[in-house]
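Shown next: input.pdb, containing PDB, C-alpha atoms and all ligand atoms.
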```
MODEL        1
ATOM      1  CA  MET A   1     -53.821  55.584 -65.709
ATOM      2  CA  SER A   2     -53.734  52.611 -63.385
ATOM      3  CA  VAL A   3     -50.452  51.730 -61.751
ATOM      4  CA  SER A   4     -49.682  48.442 -60.107
ATOM      5  CA  SER A   5     -46.731  48.389 -57.784
ATOM      6  CA  ASN A   6     -45.270  45.653 -55.686
ATOM      7  CA  PRO A   7     -45.787  46.746 -52.092
ATOM      8  CA  VAL A   8     -42.891  47.498 -49.762
ATOM      9  CA  LEU A   9     -42.895  48.137 -46.027
ATOM     10  CA  VAL A  10     -39.952  49.299 -43.926
ATOM     11  CA  VAL A  11     -40.207  49.928 -40.173
ATOM     12  CA  HIS A  12     -37.747  51.028 -37.523
ATOM     13  CA  GLY A  13     -37.692  50.776 -33.765
ATOM     14  CA  GLY A  14     -34.988  53.199 -32.729
ATOM     15  CA  ALA A  15     -31.252  53.732 -33.167
ATOM     16  CA  TRP A  16     -28.812  53.854 -30.248
ATOM     17  CA  ALA A  17     -26.322  51.709 -28.355
ATOM     18  CA  MET A  18     -28.919  49.057 -27.519
ATOM     19  CA  PRO A  19     -27.558  46.689 -24.918
ATOM     20  CA  ASP A  20     -27.587  42.980 -25.792
ATOM     21  CA  ASP A  21     -30.400  42.204 -23.394
ATOM     22  CA  VAL A  22     -32.945  44.367 -25.249
ATOM     23  CA  ILE A  23     -32.108  43.234 -28.778
ATOM     24  CA  ASP A  24     -34.585  40.350 -28.908
ATOM     25  CA  ALA A  25     -37.437  42.539 -27.722
ATOM     26  CA  HIS A  26     -36.613  45.098 -30.399
ATOM     27  CA  ILE A  27     -36.477  42.497 -33.155
ATOM     28  CA  HIS A  28     -39.719  40.957 -31.947
ATOM     29  CA  GLY A  29     -41.363  44.397 -31.874
ATOM     30  CA  VAL A  30     -40.342  45.486 -35.355
ATOM     31  CA  ARG A  31     -41.335  42.096 -36.774
ATOM     32  CA  ASN A  32     -44.788  42.325 -35.260
ATOM     33  CA  ALA A  33     -45.207  45.787 -36.723
ATOM     34  CA  LEU A  34     -44.047  44.502 -40.110
ATOM     35  CA  THR A  35     -46.503  41.602 -40.066
ATOM     36  CA  THR A  36     -49.424  43.871 -39.239
ATOM     37  CA  GLY A  37     -48.553  46.559 -41.765
ATOM     38  CA  TRP A  38     -47.878  43.972 -44.459
ATOM     39  CA  ARG A  39     -51.313  42.424 -43.989
ATOM     40  CA  VAL A  40     -52.801  45.777 -44.960
ATOM     41  CA  LEU A  41     -50.662  46.070 -48.090
ATOM     42  CA  GLU A  42     -51.167  42.451 -49.088
ATOM     43  CA  ARG A  43     -54.923  42.792 -49.255
ATOM     44  CA  GLY A  44     -54.597  45.916 -51.393
ATOM     45  CA  GLY A  45     -54.854  48.463 -48.548
ATOM     46  CA  SER A  46     -53.216  51.871 -48.691
ATOM     47  CA  ALA A  47     -49.686  52.763 -47.675
ATOM     48  CA  LEU A  48     -51.261  55.252 -45.274
ATOM     49  CA  ASP A  49     -53.224  52.527 -43.470
ATOM     50  CA  ALA A  50     -50.177  50.266 -43.436
ATOM     51  CA  VAL A  51     -47.888  52.781 -41.737
ATOM     52  CA  GLU A  52     -50.584  53.680 -39.224
ATOM     53  CA  GLU A  53     -51.221  50.051 -38.270
ATOM     54  CA  ALA A  54     -47.510  49.234 -38.093
ATOM     55  CA  VAL A  55     -46.844  52.203 -35.811
ATOM     56  CA  VAL A  56     -49.795  51.362 -33.539
ATOM     57  CA  ILE A  57     -48.233  47.945 -32.873
ATOM     58  CA  MET A  58     -44.979  49.580 -31.762
ATOM     59  CA  GLU A  59     -46.772  52.245 -29.716
ATOM     60  CA  ASP A  60     -48.510  49.395 -27.880
ATOM     61  CA  ASP A  61     -45.190  47.630 -27.258
ATOM     62  CA  GLU A  62     -43.503  48.880 -24.095
ATOM     63  CA  THR A  63     -40.090  48.104 -25.575
ATOM     64  CA  PHE A  64     -40.237  51.341 -27.509
ATOM     65  CA  ASP A  65     -40.249  55.029 -26.651
ATOM     66  CA  ALA A  66     -43.711  55.564 -28.112
ATOM     67  CA  GLY A  67     -47.136  55.266 -26.530
ATOM     68  CA  ARG A  68     -47.272  53.508 -23.167
ATOM     69  CA  GLY A  69     -43.813  52.880 -21.716
ATOM     70  CA  SER A  70     -42.269  56.028 -23.195
ATOM     71  CA  PHE A  71     -39.580  58.049 -21.458
ATOM     72  CA  LEU A  72     -40.799  60.444 -18.806
ATOM     73  CA  ASN A  73     -40.273  64.154 -18.982
ATOM     74  CA  ARG A  74     -38.790  66.222 -16.158
ATOM     75  CA  ASP A  75     -42.167  66.267 -14.367
ATOM     76  CA  GLY A  76     -42.527  62.500 -14.520
ATOM     77  CA  LYS A  77     -45.146  62.634 -17.259
ATOM     78  CA  VAL A  78     -45.347  60.985 -20.663
ATOM     79  CA  GLN A  79     -45.655  63.564 -23.438
ATOM     80  CA  LEU A  80     -46.081  62.150 -26.929
ATOM     81  CA  ASP A  81     -45.522  63.417 -30.480
ATOM     82  CA  ALA A  82     -46.524  61.766 -33.790
ATOM     83  CA  LEU A  83     -46.895  62.544 -37.472
ATOM     84  CA  ILE A  84     -48.401  60.694 -40.431
ATOM     85  CA  MET A  85     -48.151  61.832 -44.051
ATOM     86  CA  GLU A  86     -49.544  60.690 -47.385
ATOM     87  CA  GLY A  87     -47.300  60.962 -50.436
ATOM     88  CA  ALA A  88     -50.052  61.119 -53.065
ATOM     89  CA  THR A  89     -51.787  64.204 -51.679
ATOM     90  CA  LEU A  90     -49.257  65.638 -49.199
ATOM     91  CA  ARG A  91     -51.993  65.481 -46.587
ATOM     92  CA  ALA A  92     -50.454  65.256 -43.120
ATOM     93  CA  GLY A  93     -51.568  65.073 -39.511
ATOM     94  CA  GLY A  94     -49.433  65.731 -36.485
ATOM     95  CA  VAL A  95     -49.829  65.910 -32.725
ATOM     96  CA  GLY A  96     -47.367  67.296 -30.213
ATOM     97  CA  CYS A  97     -47.090  67.131 -26.420
ATOM     98  CA  VAL A  98     -50.176  64.984 -25.917
ATOM     99  CA  GLU A  99     -50.506  63.401 -22.494
ATOM    100  CA  ARG A 100     -53.747  61.444 -22.672
ATOM    101  CA  ILE A 101     -53.624  59.439 -25.892
ATOM    102  CA  LEU A 102     -52.469  55.812 -26.005
ATOM    103  CA  ASN A 103     -51.914  55.833 -29.756
ATOM    104  CA  PRO A 104     -50.974  59.323 -30.930
ATOM    105  CA  VAL A 105     -50.605  58.088 -34.513
ATOM    106  CA  ARG A 106     -54.377  57.392 -34.505
ATOM    107  CA  ALA A 107     -55.025  60.995 -33.478
ATOM    108  CA  ALA A 108     -52.590  62.185 -36.155
ATOM    109  CA  ARG A 109     -54.462  60.121 -38.744
ATOM    110  CA  LYS A 110     -57.758  61.701 -37.702
ATOM    111  CA  ILE A 111     -56.214  65.133 -38.224
ATOM    112  CA  LEU A 112     -54.965  64.104 -41.659
ATOM    113  CA  SER A 113     -58.343  62.684 -42.679
ATOM    114  CA  GLU A 114     -60.856  64.890 -40.907
ATOM    115  CA  SER A 115     -59.349  68.307 -40.294
ATOM    116  CA  PRO A 116     -58.451  71.232 -42.547
ATOM    117  CA  HIS A 117     -55.495  71.734 -40.209
ATOM    118  CA  VAL A 118     -52.261  69.818 -40.113
ATOM    119  CA  TYR A 119     -51.023  70.040 -36.558
ATOM    120  CA  PHE A 120     -52.518  70.134 -33.072
ATOM    121  CA  VAL A 121     -50.743  70.329 -29.716
ATOM    122  CA  ALA A 122     -51.445  69.532 -26.074
ATOM    123  CA  GLU A 123     -55.054  69.882 -24.789
ATOM    124  CA  GLY A 124     -56.308  71.101 -28.167
ATOM    125  CA  ALA A 125     -54.978  67.934 -29.776
ATOM    126  CA  GLU A 126     -56.584  65.791 -27.093
ATOM    127  CA  ARG A 127     -59.876  67.578 -27.496
ATOM    128  CA  PHE A 128     -59.765  67.132 -31.279
ATOM    129  CA  ALA A 129     -58.930  63.443 -30.847
ATOM    130  CA  ALA A 130     -61.778  62.861 -28.395
ATOM    131  CA  GLU A 131     -64.243  64.677 -30.646
ATOM    132  CA  HIS A 132     -63.200  62.387 -33.497
ATOM    133  CA  GLY A 133     -63.575  59.095 -31.714
ATOM    134  CA  VAL A 134     -60.145  58.568 -30.159
ATOM    135  CA  LYS A 135     -60.588  57.496 -26.560
ATOM    136  CA  LEU A 136     -58.595  59.501 -24.023
ATOM    137  CA  CYS A 137     -56.720  57.916 -21.124
ATOM    138  CA  GLU A 138     -55.081  59.219 -17.969
ATOM    139  CA  ASN A 139     -51.399  60.118 -18.157
ATOM    140  CA  LYS A 140     -50.683  57.474 -15.524
ATOM    141  CA  ASP A 141     -51.979  54.828 -17.964
ATOM    142  CA  LEU A 142     -48.969  55.644 -20.156
ATOM    143  CA  VAL A 143     -46.408  55.445 -17.326
ATOM    144  CA  ILE A 144     -44.722  52.148 -16.437
ATOM    145  CA  PRO A 145     -42.506  51.377 -13.399
ATOM    146  CA  ARG A 146     -39.393  50.819 -15.549
ATOM    147  CA  GLU A 147     -39.576  54.428 -16.710
ATOM    148  CA  VAL A 148     -40.294  55.828 -13.250
ATOM    149  CA  GLU A 149     -37.114  54.108 -12.105
ATOM    150  CA  ARG A 150     -35.123  55.255 -15.143
ATOM    151  CA  LEU A 151     -36.085  58.877 -14.526
ATOM    152  CA  ARG A 152     -35.436  58.640 -10.799
ATOM    153  CA  GLU A 153     -31.949  57.230 -11.400
ATOM    154  CA  TYR A 154     -31.201  59.778 -14.079
ATOM    155  CA  GLN A 155     -32.311  62.729 -11.987
ATOM    156  CA  SER A 156     -30.353  61.589  -8.953
ATOM    157  CA  ARG A 157     -27.216  61.196 -11.079
ATOM    158  CA  VAL A 158     -27.738  64.725 -12.385
ATOM    159  CA  LYS A 159     -28.068  66.014  -8.801
ATOM    160  CA  GLU A 160     -24.822  64.320  -7.873
ATOM    161  CA  GLY A 161     -23.200  65.922 -10.896
ATOM    162  CA  LYS A 162     -22.540  62.485 -12.393
ATOM    163  CA  GLU A 163     -24.728  62.831 -15.420
ATOM    164  CA  PRO A 164     -23.332  64.468 -18.547
ATOM    165  CA  SER A 165     -25.004  67.616 -19.699
ATOM    166  CA  GLY A 166     -25.203  69.597 -22.939
ATOM    167  CA  ASN A 167     -24.402  67.549 -26.020
ATOM    168  CA  ASP A 168     -23.333  64.535 -24.016
ATOM    169  CA  LEU A 169     -26.844  64.246 -22.762
ATOM    170  CA  PHE A 170     -27.660  63.090 -26.251
ATOM    171  CA  ALA A 171     -24.777  60.640 -26.590
ATOM    172  CA  PRO A 172     -25.762  57.517 -28.532
ATOM    173  CA  GLU A 173     -25.815  55.530 -25.286
ATOM    174  CA  ILE A 174     -28.938  57.465 -24.365
ATOM    175  CA  SER A 175     -31.790  55.444 -25.716
ATOM    176  CA  HIS A 176     -33.581  56.503 -28.899
ATOM    177  CA  ASP A 177     -36.491  54.160 -29.258
ATOM    178  CA  THR A 178     -38.751  56.241 -31.447
ATOM    179  CA  VAL A 179     -40.700  54.166 -33.966
ATOM    180  CA  GLY A 180     -41.548  54.743 -37.605
ATOM    181  CA  ALA A 181     -42.706  53.185 -40.849
ATOM    182  CA  VAL A 182     -42.648  53.927 -44.583
ATOM    183  CA  ALA A 183     -44.727  52.028 -47.128
ATOM    184  CA  LEU A 184     -45.501  51.687 -50.832
ATOM    185  CA  ASP A 185     -48.891  50.277 -51.823
ATOM    186  CA  ARG A 186     -50.206  48.540 -54.949
ATOM    187  CA  ASP A 187     -51.502  51.846 -56.309
ATOM    188  CA  GLY A 188     -47.979  53.247 -56.286
ATOM    189  CA  ASN A 189     -48.535  55.580 -53.345
ATOM    190  CA  ILE A 190     -46.123  56.029 -50.469
ATOM    191  CA  ALA A 191     -46.688  57.169 -46.872
ATOM    192  CA  ALA A 192     -44.721  57.644 -43.660
ATOM    193  CA  ALA A 193     -45.431  57.786 -39.933
ATOM    194  CA  THR A 194     -43.279  58.453 -36.859
ATOM    195  CA  SER A 195     -44.220  58.320 -33.174
ATOM    196  CA  THR A 196     -42.214  59.081 -30.044
ATOM    197  CA  GLY A 197     -42.152  59.877 -26.362
ATOM    198  CA  GLY A 198     -39.153  62.114 -27.066
ATOM    199  CA  THR A 199     -36.080  62.253 -24.881
ATOM    200  CA  LEU A 200     -35.596  61.270 -21.239
ATOM    201  CA  ASP A 201     -36.074  64.080 -18.706
ATOM    202  CA  LYS A 202     -37.072  66.508 -21.446
ATOM    203  CA  ALA A 203     -38.455  69.863 -20.411
ATOM    204  CA  PRO A 204     -42.261  69.863 -20.454
ATOM    205  CA  GLY A 205     -43.416  71.259 -23.782
ATOM    206  CA  ARG A 206     -40.252  70.264 -25.613
ATOM    207  CA  LEU A 207     -41.038  68.969 -29.074
ATOM    208  CA  GLY A 208     -38.522  66.903 -31.042
ATOM    209  CA  ASP A 209     -38.089  66.189 -34.711
ATOM    210  CA  SER A 210     -40.355  63.149 -34.910
ATOM    211  CA  SER A 211     -43.680  64.867 -35.448
ATOM    212  CA  LEU A 212     -42.443  67.821 -37.480
ATOM    213  CA  ILE A 213     -43.068  67.661 -41.204
ATOM    214  CA  GLY A 214     -39.826  67.195 -43.090
ATOM    215  CA  CYS A 215     -37.768  66.655 -39.940
ATOM    216  CA  GLY A 216     -38.654  63.267 -38.447
ATOM    217  CA  CYS A 217     -41.172  62.275 -41.089
ATOM    218  CA  TYR A 218     -42.045  63.107 -44.684
ATOM    219  CA  ALA A 219     -43.806  61.582 -47.683
ATOM    220  CA  ASP A 220     -44.235  62.763 -51.256
ATOM    221  CA  ASN A 221     -44.857  60.397 -54.177
ATOM    222  CA  GLN A 222     -42.637  62.655 -56.281
ATOM    223  CA  SER A 223     -39.649  62.152 -54.012
ATOM    224  CA  ALA A 224     -39.687  59.722 -51.065
ATOM    225  CA  ALA A 225     -41.086  58.716 -47.707
ATOM    226  CA  ALA A 226     -38.782  59.016 -44.707
ATOM    227  CA  SER A 227     -38.850  58.404 -40.955
ATOM    228  CA  THR A 228     -36.009  59.235 -38.592
ATOM    229  CA  THR A 229     -34.954  58.514 -35.047
ATOM    230  CA  GLY A 230     -32.153  59.924 -32.937
ATOM    231  CA  TRP A 231     -31.226  63.176 -31.305
ATOM    232  CA  GLY A 232     -34.071  65.394 -32.431
ATOM    233  CA  GLU A 233     -32.600  68.874 -32.227
ATOM    234  CA  PRO A 234     -29.874  68.386 -34.877
ATOM    235  CA  ILE A 235     -32.314  66.499 -37.124
ATOM    236  CA  MET A 236     -34.715  69.446 -36.920
ATOM    237  CA  LYS A 237     -32.014  71.959 -37.786
ATOM    238  CA  LEU A 238     -31.339  70.134 -41.047
ATOM    239  CA  VAL A 239     -34.987  69.325 -41.867
ATOM    240  CA  LEU A 240     -33.427  65.963 -42.567
ATOM    241  CA  ALA A 241     -36.335  63.886 -43.861
ATOM    242  CA  LYS A 242     -37.130  66.520 -46.507
ATOM    243  CA  TRP A 243     -33.447  66.955 -47.287
ATOM    244  CA  ALA A 244     -33.244  63.243 -48.060
ATOM    245  CA  ALA A 245     -36.502  63.189 -50.043
ATOM    246  CA  ASP A 246     -35.295  66.075 -52.223
ATOM    247  CA  ARG A 247     -32.126  64.182 -53.062
ATOM    248  CA  VAL A 248     -34.130  61.163 -54.124
ATOM    249  CA  ALA A 249     -36.223  63.487 -56.324
ATOM    250  CA  SER A 250     -33.007  64.646 -58.003
ATOM    251  CA  GLY A 251     -32.252  61.082 -59.020
ATOM    252  CA  SER A 252     -30.141  59.567 -56.246
ATOM    253  CA  LEU A 253     -30.852  56.098 -54.926
ATOM    254  CA  PRO A 254     -32.598  55.950 -51.519
ATOM    255  CA  GLU A 255     -29.982  53.487 -50.345
ATOM    256  CA  TRP A 256     -27.207  56.040 -50.859
ATOM    257  CA  VAL A 257     -29.259  59.015 -49.801
ATOM    258  CA  ALA A 258     -30.130  57.504 -46.416
ATOM    259  CA  GLN A 259     -26.417  57.080 -45.745
ATOM    260  CA  GLU A 260     -25.615  60.562 -47.097
ATOM    261  CA  ALA A 261     -28.269  62.082 -44.848
ATOM    262  CA  ILE A 262     -26.826  60.421 -41.778
ATOM    263  CA  ASN A 263     -23.300  61.520 -42.768
ATOM    264  CA  TYR A 264     -24.582  65.066 -43.276
ATOM    265  CA  LEU A 265     -26.218  64.940 -39.841
ATOM    266  CA  LYS A 266     -22.884  64.033 -38.283
ATOM    267  CA  ASP A 267     -20.695  66.366 -40.337
ATOM    268  CA  ARG A 268     -22.888  69.453 -40.251
ATOM    269  CA  VAL A 269     -24.289  69.481 -36.710
ATOM    270  CA  ASN A 270     -22.607  66.552 -34.947
ATOM    271  CA  GLY A 271     -25.922  64.731 -34.690
ATOM    272  CA  HIS A 272     -26.655  61.051 -34.477
ATOM    273  CA  GLY A 273     -29.557  58.860 -35.412
ATOM    274  CA  GLY A 274     -31.043  56.649 -38.074
ATOM    275  CA  MET A 275     -33.317  56.897 -41.105
ATOM    276  CA  ILE A 276     -35.522  54.696 -43.260
ATOM    277  CA  LEU A 277     -36.225  55.994 -46.772
ATOM    278  CA  LEU A 278     -38.418  54.609 -49.570
ATOM    279  CA  ASP A 279     -39.346  55.903 -53.018
ATOM    280  CA  SER A 280     -42.419  55.182 -55.092
ATOM    281  CA  ARG A 281     -40.436  52.696 -57.207
ATOM    282  CA  GLY A 282     -39.966  50.564 -54.119
ATOM    283  CA  ARG A 283     -36.268  51.342 -53.647
ATOM    284  CA  TYR A 284     -35.336  51.803 -50.029
ATOM    285  CA  GLY A 285     -32.443  52.678 -47.756
ATOM    286  CA  ILE A 286     -31.711  52.208 -44.059
ATOM    287  CA  ALA A 287     -28.820  54.008 -42.382
ATOM    288  CA  HIS A 288     -27.635  55.006 -38.919
ATOM    289  CA  ASN A 289     -24.523  56.331 -37.224
ATOM    290  CA  THR A 290     -25.516  55.073 -33.782
ATOM    291  CA  PRO A 291     -23.983  51.791 -32.635
ATOM    292  CA  ARG A 292     -27.200  49.886 -33.368
ATOM    293  CA  MET A 293     -30.562  50.283 -35.097
ATOM    294  CA  ALA A 294     -33.663  48.059 -35.115
ATOM    295  CA  TRP A 295     -35.522  47.700 -38.414
ATOM    296  CA  ALA A 296     -37.521  45.313 -40.561
ATOM    297  CA  VAL A 297     -38.310  45.212 -44.283
ATOM    298  CA  ARG A 298     -40.807  43.288 -46.366
ATOM    299  CA  THR A 299     -41.147  43.195 -50.130
ATOM    300  CA  ILE A 300     -42.703  40.629 -52.459
ATOM    301  CA  GLN A 301     -39.311  38.923 -52.672
ATOM    302  CA  GLU A 302     -37.860  39.258 -49.195
ATOM    303  CA  GLU A 303     -38.464  39.660 -45.512
ATOM    304  CA  GLN A 304     -35.628  40.808 -43.287
ATOM    305  CA  SER A 305     -35.357  42.159 -39.809
ATOM    306  CA  GLY A 306     -32.584  42.807 -37.374
ATOM    307  CA  VAL A 307     -30.551  45.108 -35.250
ATOM    308  CA  THR A 308     -27.668  46.301 -37.405
ATOM    309  CA  ARG A 309     -24.383  47.231 -35.823
ATOM    310  CA  ASN A 310     -22.098  50.097 -36.533
ATOM    311  CA  GLU A 311     -19.513  49.341 -33.876
TER     312      GLU A 311
HETATM  313  N1  LIG A 401     -36.010  61.923 -32.221
HETATM  314  C1  LIG A 401     -36.716  61.810 -30.981
HETATM  315  C2  LIG A 401     -36.784  63.151 -30.325
HETATM  316  O1  LIG A 401     -35.792  63.853 -30.314
HETATM  317  C3  LIG A 401     -36.112  60.851 -30.035
HETATM  318  C4  LIG A 401     -35.804  59.510 -30.572
HETATM  319  O2  LIG A 401     -35.689  59.307 -31.780
HETATM  320  O3  LIG A 401     -35.683  58.582 -29.782
HETATM  321  O4  LIG A 401     -37.798  63.464 -29.771
ENDMDL
END
```
Spit out the file's structure as structure tokens when you get a sec.
Amino acid sequence: MSVSSNPVLVVHGGAWAMPDDVIDAHIHGVRNALTTGWRVLERGGSALDAVEEAVVIMEDDETFDAGRGSFLNRDGKVQLDALIMEGATLRAGGVGCVERILNPVRAARKILSESPHVYFVAEGAERFAAEHGVKLCENKDLVIPREVERLREYQSRVKEGKEPSGNDLFAPEISHDTVGAVALDRDGNIAAATSTGGTLDKAPGRLGDSSLIGCGCYADNQSAAASTTGWGEPIMKLVLAKWAADRVASGSLPEWVAQEAINYLKDRVNGHGGMILLDSRGRYGIAHNTPRMAWAVRTIQEEQSGVTRNE
């Protein structure tokens, strides 16, 4: 049976209390990602290629906490996580704690396409990537002065006892600039990808929700494709992307489910963040409980982008 669907692409570029002076850069970044991903879908390319290409654009954009320009961990290093998943086959590829890859979503895609495994971490992931044609870089190539300064300031405030700890460390004012994309292609297949540098000053080896299947990213043609951003630990506890996809499979509209998922995140574990959600009929939802979220959407009928407010 041949299916012909109208393509849809939704991308996000983080959810937090973005100050006014970074809004334009976020809108610019998500629009660029949308344009690139849409080009793939427009010429009949797969949802999987579209989400990969869209995420690469945001990894390359220093505005976001993904790829070069990501937050630094406690040791002053960039440590990246990414996942990509295909809804038709449930094939997935993930990398965690990689330090020498400019575009972790490319490495994740290689795992999805060329490995019997689903997930690689640290040096093993880098070795796999290099063996499959992904060029490695030095960690310092991923570090930018803005982030060195951000970490230095943060750590000195902690030393002075001025920085909040525990849950407050993850207050919405702390930036969550993880990036993600969900897409539907002409063949009726959906896919999702998420990429992040994780949280500021994280302990080396800490892995967040973004690259974990069903937590920060999920795709199944029989339910939905989802990508999340926000405070990773609560999202992981609820396996939130899969939770949302299952609700879509039971008949609820992605638009409502995205909001329900974010409400559940708040009510059940006092978490915060944002989600994009898309089903294989092209219905989508975008929701967040942080003060702001950057996103962009393109369908045959419409193109929209913005930073929505929840203030
Ligand atoms: N969810 C990511 C993490 O916890 C962070 C983010 O979305 O900005 O690693």
Practice problem: Please identify all polymer residues lying at most 9 Å from the point (-31.9, 51.9, -47.2) (file coordinates), using all atoms listed in the file, and present the result as a PyMOL selection string. | Solution: chain A and resi 253-259+275-278+283-287
If the PyMOL selection byres (((chain A and resi 226-242) around 8) and not hetatm) were run on this exact file, what residues would it hold? Put them as a PDB file with C-alpha atoms, in the coordinates of the input.
```pdb
ATOM      1  CA  GLY A  14     -34.988  53.199 -32.729  1.00  0.00           C
ATOM      2  CA  ALA A  15     -31.252  53.732 -33.167  1.00  0.00           C
ATOM      3  CA  TRP A  16     -28.812  53.854 -30.248  1.00  0.00           C
ATOM      4  CA  PHE A 170     -27.660  63.090 -26.251  1.00  0.00           C
ATOM      5  CA  HIS A 176     -33.581  56.503 -28.899  1.00  0.00           C
ATOM      6  CA  ASP A 177     -36.491  54.160 -29.258  1.00  0.00           C
ATOM      7  CA  THR A 178     -38.751  56.241 -31.447  1.00  0.00           C
ATOM      8  CA  VAL A 179     -40.700  54.166 -33.966  1.00  0.00           C
ATOM      9  CA  GLY A 180     -41.548  54.743 -37.605  1.00  0.00           C
ATOM     10  CA  ALA A 181     -42.706  53.185 -40.849  1.00  0.00           C
ATOM     11  CA  VAL A 182     -42.648  53.927 -44.583  1.00  0.00           C
ATOM     12  CA  ALA A 192     -44.721  57.644 -43.660  1.00  0.00           C
ATOM     13  CA  ALA A 193     -45.431  57.786 -39.933  1.00  0.00           C
ATOM     14  CA  THR A 194     -43.279  58.453 -36.859  1.00  0.00           C
ATOM     15  CA  GLY A 208     -38.522  66.903 -31.042  1.00  0.00           C
ATOM     16  CA  ASP A 209     -38.089  66.189 -34.711  1.00  0.00           C
ATOM     17  CA  SER A 210     -40.355  63.149 -34.910  1.00  0.00           C
ATOM     18  CA  LEU A 212     -42.443  67.821 -37.480  1.00  0.00           C
ATOM     19  CA  GLY A 214     -39.826  67.195 -43.090  1.00  0.00           C
ATOM     20  CA  CYS A 215     -37.768  66.655 -39.940  1.00  0.00           C
ATOM     21  CA  GLY A 216     -38.654  63.267 -38.447  1.00  0.00           C
ATOM     22  CA  CYS A 217     -41.172  62.275 -41.089  1.00  0.00           C
ATOM     23  CA  TYR A 218     -42.045  63.107 -44.684  1.00  0.00           C
ATOM     24  CA  ALA A 219     -43.806  61.582 -47.683  1.00  0.00           C
ATOM     25  CA  ALA A 224     -39.687  59.722 -51.065  1.00  0.00           C
ATOM     26  CA  ALA A 225     -41.086  58.716 -47.707  1.00  0.00           C
ATOM     27  CA  TRP A 243     -33.447  66.955 -47.287  1.00  0.00           C
ATOM     28  CA  ALA A 244     -33.244  63.243 -48.060  1.00  0.00           C
ATOM     29  CA  ALA A 245     -36.502  63.189 -50.043  1.00  0.00           C
ATOM     30  CA  ASP A 246     -35.295  66.075 -52.223  1.00  0.00           C
ATOM     31  CA  ALA A 261     -28.269  62.082 -44.848  1.00  0.00           C
ATOM     32  CA  LEU A 265     -26.218  64.940 -39.841  1.00  0.00           C
ATOM     33  CA  VAL A 269     -24.289  69.481 -36.710  1.00  0.00           C
ATOM     34  CA  ASN A 270     -22.607  66.552 -34.947  1.00  0.00           C
ATOM     35  CA  GLY A 271     -25.922  64.731 -34.690  1.00  0.00           C
ATOM     36  CA  HIS A 272     -26.655  61.051 -34.477  1.00  0.00           C
ATOM     37  CA  GLY A 273     -29.557  58.860 -35.412  1.00  0.00           C
ATOM     38  CA  GLY A 274     -31.043  56.649 -38.074  1.00  0.00           C
ATOM     39  CA  MET A 275     -33.317  56.897 -41.105  1.00  0.00           C
ATOM     40  CA  ILE A 276     -35.522  54.696 -43.260  1.00  0.00           C
ATOM     41  CA  LEU A 277     -36.225  55.994 -46.772  1.00  0.00           C
ATOM     42  CA  LEU A 278     -38.418  54.609 -49.570  1.00  0.00           C
TER      43      LEU A 278
END
```
Exercise. Name the residues that the PyMOL selection byres (((chain A and resi 74) around 9) and not hetatm) pulls out of this structure, and write them as a VMD selection string.
Key: chain A and resid 72 to 73 75 to 77 151 155 200 to 204
Exercise. Give me, please, the distance in Å between atom C4 of ligand LIG 401 (chain A) and CA of Phe64 in chain A, quoted to one decimal.
Key: 9.8 Å
Exercise. Excluding range 29-35 of chain A and any residue of its chain fewer than 6 positions from it, enumerate the residues within 6 Å of it, using only C-alpha atoms, and give them as a ChimeraX atom specification.
Key: /A:54,57,296
Quiz prompt | Counting all atoms listed in the file, the option among A:Glu42, A:Asp65, A:Glu52, A:Glu123 closest to ligand LIG 401 (chain A) | solution = A:Asp65
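For the residues A:Ala294, A:Leu207, A:Ala17, A:Val148, ranking by smallest atom-to-atom distance to ligand LIG 401 (chain A) using all atoms listed in the file places A:Leu207 first.
Distances from A:Phe71, A:Ala191, A:Pro145, A:Gly44 to Gly93 in chain A were compared using all atoms listed in the file, and the smallest one belongs to A:Ala191.
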Exercise. Could you tell me which residues the PyMOL selection byres (((chain A and resi 97-100) around 8) and not hetatm) returns for this structure, as an MDAnalysis selection string?
Key: chainID A and resid 77:81 95:96 101:102 104 121:123 125:126 136:139 142 205:207
Output, as AutoDock Vina command-line options, the centre and edge lengths in Å (one decimal) of the axis-aligned box that contains all listed atoms of range 125-141 of chain A with 6 Å of margin on each side.
```
--center_x -57.5 --center_y 61.4 --center_z -24.5 --size_x 25.6 --size_y 25.1 --size_z 30.0
```
Exercise. Rounded to one decimal place, report the CA of Thr36 in chain A-CA of Gln304 in chain A distance in Å.
Key: 14.7 Å
Quiz item: Any idea what the distance is between CA of Ser305 in chain A and CA of Arg247 in chain A?
Solution: 25.9 Å
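Minimum distance to Ser223 in chain A across A:Gly133, A:Gly67, A:Gly197, A:Gly87 (counting only C-alpha atoms) occurs at A:Gly87.
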